[in-house]
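First up is the structure itself, then whatever we jot down about it.
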Amino acid sequence: MRVKGMTGLRVGGIDGFVGANCPAMESPLINLADWEERAAGVLPREVFDYYAGAAWDGVTLRANHAAYARLAIHYRVMRDVRAPDARCRVFDLELPGPVCVAPTAFHRLAHPEGELATARGAGQAGALMTLSSLSTCRLEDVAAAAGGPLWYQLYINRDRGFTRELVQRAVAAGYRAIVVTCDAPVWGIREADVRNGFHLPPGIEPVNLMASTADSGAHSHRGAGMTEMMAWMLDATLTWKDVAWIAEEAGVPVLVKGICRADDAREALRHGAGGVIVSNHGGRQLDGAPATISVLPEIVAAVGGRGPVLIDGGIRRGTDVLKALALGATAVQVGRPVLWGLATDGAAGVTRVLEQLQRELVHAMALAGAASVADLRDDLVRAIPSDFSISANLHPGHAPCS
Ligand SMILES: Cc1cc2nc3c(=O)[nH]c(=O)nc-3n(C[C@H](O)[C@H](O)[C@H](O)COP(=O)(O)O)c2cc1C
């Protein structure tokens, strides 16, 4: 649907209102909840459930979202906010905005070009992307396709020789940091996947964990069944000394992802990490883990400016990003919304999702009286007293909450 005079990306601050790939009769993609709804109509049921799902009862998944609604923004006025500047710095990377792509698995389930399209789309938005260990495209090919900066996410594998080679491959291909995911000594149990009998179709594989190069063949797991391979990938014996080992090996900064406690953040830094990512894996590992935004302040205090602190989990609005930055995050990551963009419209969908969130942030900064991210400080955000009832609609694109 094209409306005369409304051909640009911005219509009253709303992106996607008249997108060229938004056929007539389909509702407009105004916010990230709309992208989720659209993706639900495009993806096979078991794939949507795999992406959307969470561990056990989904308590942490819901908490990640709800905790943002329990924070009020105590905005300022009269601050000259004609062009809020959302640029931020992570290590030596100057980013046009703080919205980054979290590592998520198996992108070829969403789109035939998989992680290649995600990396192109993220690059187009100027966003930092972290490639999952469970990428369905070769990490070298993703690096060649990407137009923006990349980090590589690592599960420290039982086979330490294979792990070392994987890190070396990633660094050689140009990945600028290694993100060690530490919240998965074993897999969380996602009951929707159990019910659906979720499995990868033939031809879609975590190729970087298979024999993708001649010299990694000795360590790889070609020929093993999926279940066996997934079990082989994780190591329940991991301790902090393994983080120290990766930090020594990597030759690039290492971040520890999956931190929800101040003491763990301190341990990460003590063992060579250059930064931490506050994450509960989007509620997919330990159900009952706290909402990430609720533990961010104590972790920021523990890190004390010694490295970047990123956060993910439940970030769906520019106001969520604003709250996270105000409480001390250096940048934020989004997981599922990127998959919804990818499923709906490939690389272009990824770009639009990221740009939409980024634009919402800039809009929210203007309304909050913040001319730059330096103006986002913790006095801007206060917890709403718990006896104050909130009837916020967490998914405004959908039917109102009753
Ligand atoms: C489908 C899916 C697959 C994921 N795969 C990985 C992974 O391979 N490695 C990892 O460290 N985290 C993984 N995560 C967790 C994300 O990196 C991130 O922590 C989470 O998605 C953030 O929450 P959000 O989806 O609410 O934005 C995955 C999350 C989802 C939804």
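Order determines the names: the first chain of the structure tokens is A, the second B, and so forth; residues in each chain are numbered 1 upward, and ligands are numbered 1 upward as they are shown.
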
* Asked: Quick one: residues within 6 Å of A:Leu128, only C-alpha atoms counted, chain neighbours fewer than 5 positions away excluded, as a list in words?
  -> Cys100, Pro149 and Leu150 of chain A

Keeping only N, CA and C atoms, take the residues you just selected and write them out as a PDB file, in the first residue's frame.
```pdb
ATOM      1  N   CYS A 100      22.343  -3.636  19.423  1.00  0.00           N
ATOM      2  CA  CYS A 100      23.181  -4.672  18.794  1.00  0.00           C
ATOM      3  C   CYS A 100      22.373  -5.957  18.608  1.00  0.00           C
ATOM      4  N   PRO A 149      30.550  -4.409  12.064  1.00  0.00           N
ATOM      5  CA  PRO A 149      31.422  -5.152  12.982  1.00  0.00           C
ATOM      6  C   PRO A 149      30.768  -6.426  13.514  1.00  0.00           C
ATOM      7  N   LEU A 150      31.621  -7.417  13.781  1.00  0.00           N
ATOM      8  CA  LEU A 150      31.131  -8.723  14.251  1.00  0.00           C
ATOM      9  C   LEU A 150      31.895  -9.161  15.495  1.00  0.00           C
TER      10      LEU A 150
END
```

task: List all protein, DNA and RNA residues that have at least one atom no more than 8 Å from any atom of ligand 1, counting only C-alpha atoms and all ligand atoms, and write them as a PyMOL selection string.
output: chain A and resi 50-54+61+64-65+102-106+132-135+153-155+179-181+257-258+279-284+312-316+333-337+339

Within stretch 107-268 of chain A, find each residue whose DSSP state, derived from the backbone, is strand (DSSP E or B), and express the selection as a list in words.
->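 Checking each residue of stretch 107-268 of chain A, the strand (DSSP E or B) ones are Met129, Thr130, Leu131, Leu150, Trp151, Tyr152, Gln153, Leu154, Ile178, Val179, Val180, Thr181, Val254, Leu255, Val256, Lys257, Gly258 and Ile259 of chain A.
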
Near A:Ala347, counting only C-alpha atoms, which residues have an atom at most 9 Å away, once you skip same-chain residues fewer than 3 positions from it, shown as a ChimeraX atom specification? /A:113,116-122,124,341-342,350-352

I need the residues from that last selection saved to file as a PDB file, in the first residue's frame (with C-alpha atoms), if you can.
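Okay, part08.pdb is ready:
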```pdb
ATOM      1  CA  GLU A 113      20.263 -16.988   3.353  1.00  0.00           C
ATOM      2  CA  LEU A 116      24.488 -14.089   5.759  1.00  0.00           C
ATOM      3  CA  ALA A 117      21.290 -12.053   5.451  1.00  0.00           C
ATOM      4  CA  THR A 118      21.288 -11.161   9.146  1.00  0.00           C
ATOM      5  CA  ALA A 119      24.859  -9.872   8.935  1.00  0.00           C
ATOM      6  CA  ARG A 120      24.095  -7.830   5.815  1.00  0.00           C
ATOM      7  CA  GLY A 121      20.976  -6.396   7.436  1.00  0.00           C
ATOM      8  CA  ALA A 122      22.771  -5.566  10.678  1.00  0.00           C
ATOM      9  CA  GLN A 124      23.191  -1.823   6.817  1.00  0.00           C
ATOM     10  CA  GLY A 341      12.714  -9.270  10.784  1.00  0.00           C
ATOM     11  CA  LEU A 342      14.757 -11.973   9.077  1.00  0.00           C
ATOM     12  CA  VAL A 350      16.672  -7.120   9.940  1.00  0.00           C
ATOM     13  CA  THR A 351      17.700  -3.591   9.000  1.00  0.00           C
ATOM     14  CA  ARG A 352      14.194  -2.241   9.497  1.00  0.00           C
TER      15      ARG A 352
END
```

- Message: Set the distance at 9 Å and use only C-alpha atoms: which residues neighbour A:Tyr75 once local chain neighbours fewer than 4 positions away are removed? I'd like the list as a PyMOL selection string.
- Response: chain A and resi 365+367-370+380-381

Next, the residues of the selection above should be written as a compact mmCIF listing (two decimals), in the first residue's frame with C-alpha atoms.
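Wrote it out as selection17.txt, contents follow:
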```txt
# COMPACT_ATOMS: atom_id res chain seq x y z
CA MET A 365 15.59 10.58 24.29
CA LEU A 367 10.93 13.27 25.06
CA ALA A 368 13.08 12.54 28.12
CA GLY A 369 15.24 15.64 27.63
CA ALA A 370 18.43 13.75 26.75
CA LEU A 380 16.22 9.45 35.01
CA VAL A 381 14.77 6.08 36.01
```

One residue among A:Ala268, A:Ile189, A:Cys182, A:Leu376 is nearest to A:Gly58 when using only C-alpha atoms, and that residue is A:Ile189

- Find the residue from A:Glu248, A:Asp320, A:Asp235, A:Glu140 that sits nearest to A:Pro98; use only C-alpha atoms when measuring.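 When distances to A:Pro98 are compared using only C-alpha atoms, the smallest one comes from A:Asp320.
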
Exercise: A:Gly272 partners within 10 Å, only C-alpha atoms, chain neighbours under 4 positions left out, as a list in words: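 My list of contacting residues is Trp240, Lys241, Val243, Ala244, Trp245, Ile246, Ala247, Glu248, Pro253, Val254, Leu255, Val256, Glu267 and Ala268 of chain A.
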
Expected answer as a PyMOL selection string: helix (DSSP H, G or I) residues in stretch 130-243 of chain A: chain A and resi 139-145+160-173+191-196+207-209+214-216+226-233+240-243

- prompt: Pick from A:Glu360, A:Asp80, A:His74, A:Met210: nearest to A:Leu139, with only C-alpha atoms counted?
  reply: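 Of A:Glu360, A:Asp80, A:His74, A:Met210, the one nearest A:Leu139, counting only C-alpha atoms, is A:Met210.
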
Selected residue of minimal separation from A:Arg377 among A:Ala127, A:Arg76, A:Val353, A:Leu310, counting only C-alpha atoms: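 That would be A:Arg76, the residue with the smallest distance to A:Arg377.
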
Closest contacts (stretch 218-289 of chain A/stretch 299-308 of chain A, max 9 Å, only C-alpha atoms) as a tab-separated table:
```
residue	atom	partner	partner_atom	distance
A:Leu255	CA	A:Pro308	CA	8.7
A:Ile259	CA	A:Ile299	CA	8.4
A:Cys260	CA	A:Ile299	CA	7.6
A:Arg261	CA	A:Ile299	CA	6.4
A:Ala262	CA	A:Ile299	CA	4.5
A:Asp263	CA	A:Ala302	CA	7.4
A:Asp264	CA	A:Ile299	CA	8.7
A:Ala265	CA	A:Ile299	CA	6.4
A:Arg266	CA	A:Ala302	CA	6.2
A:Leu269	CA	A:Val303	CA	7.8
A:Ala273	CA	A:Gly307	CA	8.6
A:Gly274	CA	A:Gly307	CA	5.5
A:Gly275	CA	A:Gly307	CA	4.7
A:Val276	CA	A:Pro308	CA	6.6
A:Ile277	CA	A:Pro308	CA	8.3
A:Val278	CA	A:Ile299	CA	7.9
```

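Remark: for A:Val90, the closest of the candidate residues A:Ala329, A:Ser294, A:Ala236, A:Pro202 is A:Ala329 (distances computed over only C-alpha atoms).
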
For a quick check of understanding, using only C-alpha atoms, which of A:Glu36, A:Asp85, A:Asp379, A:Glu46 has the smallest distance to A:Val194?
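Distance minimum relative to A:Val194 lands on A:Glu46.
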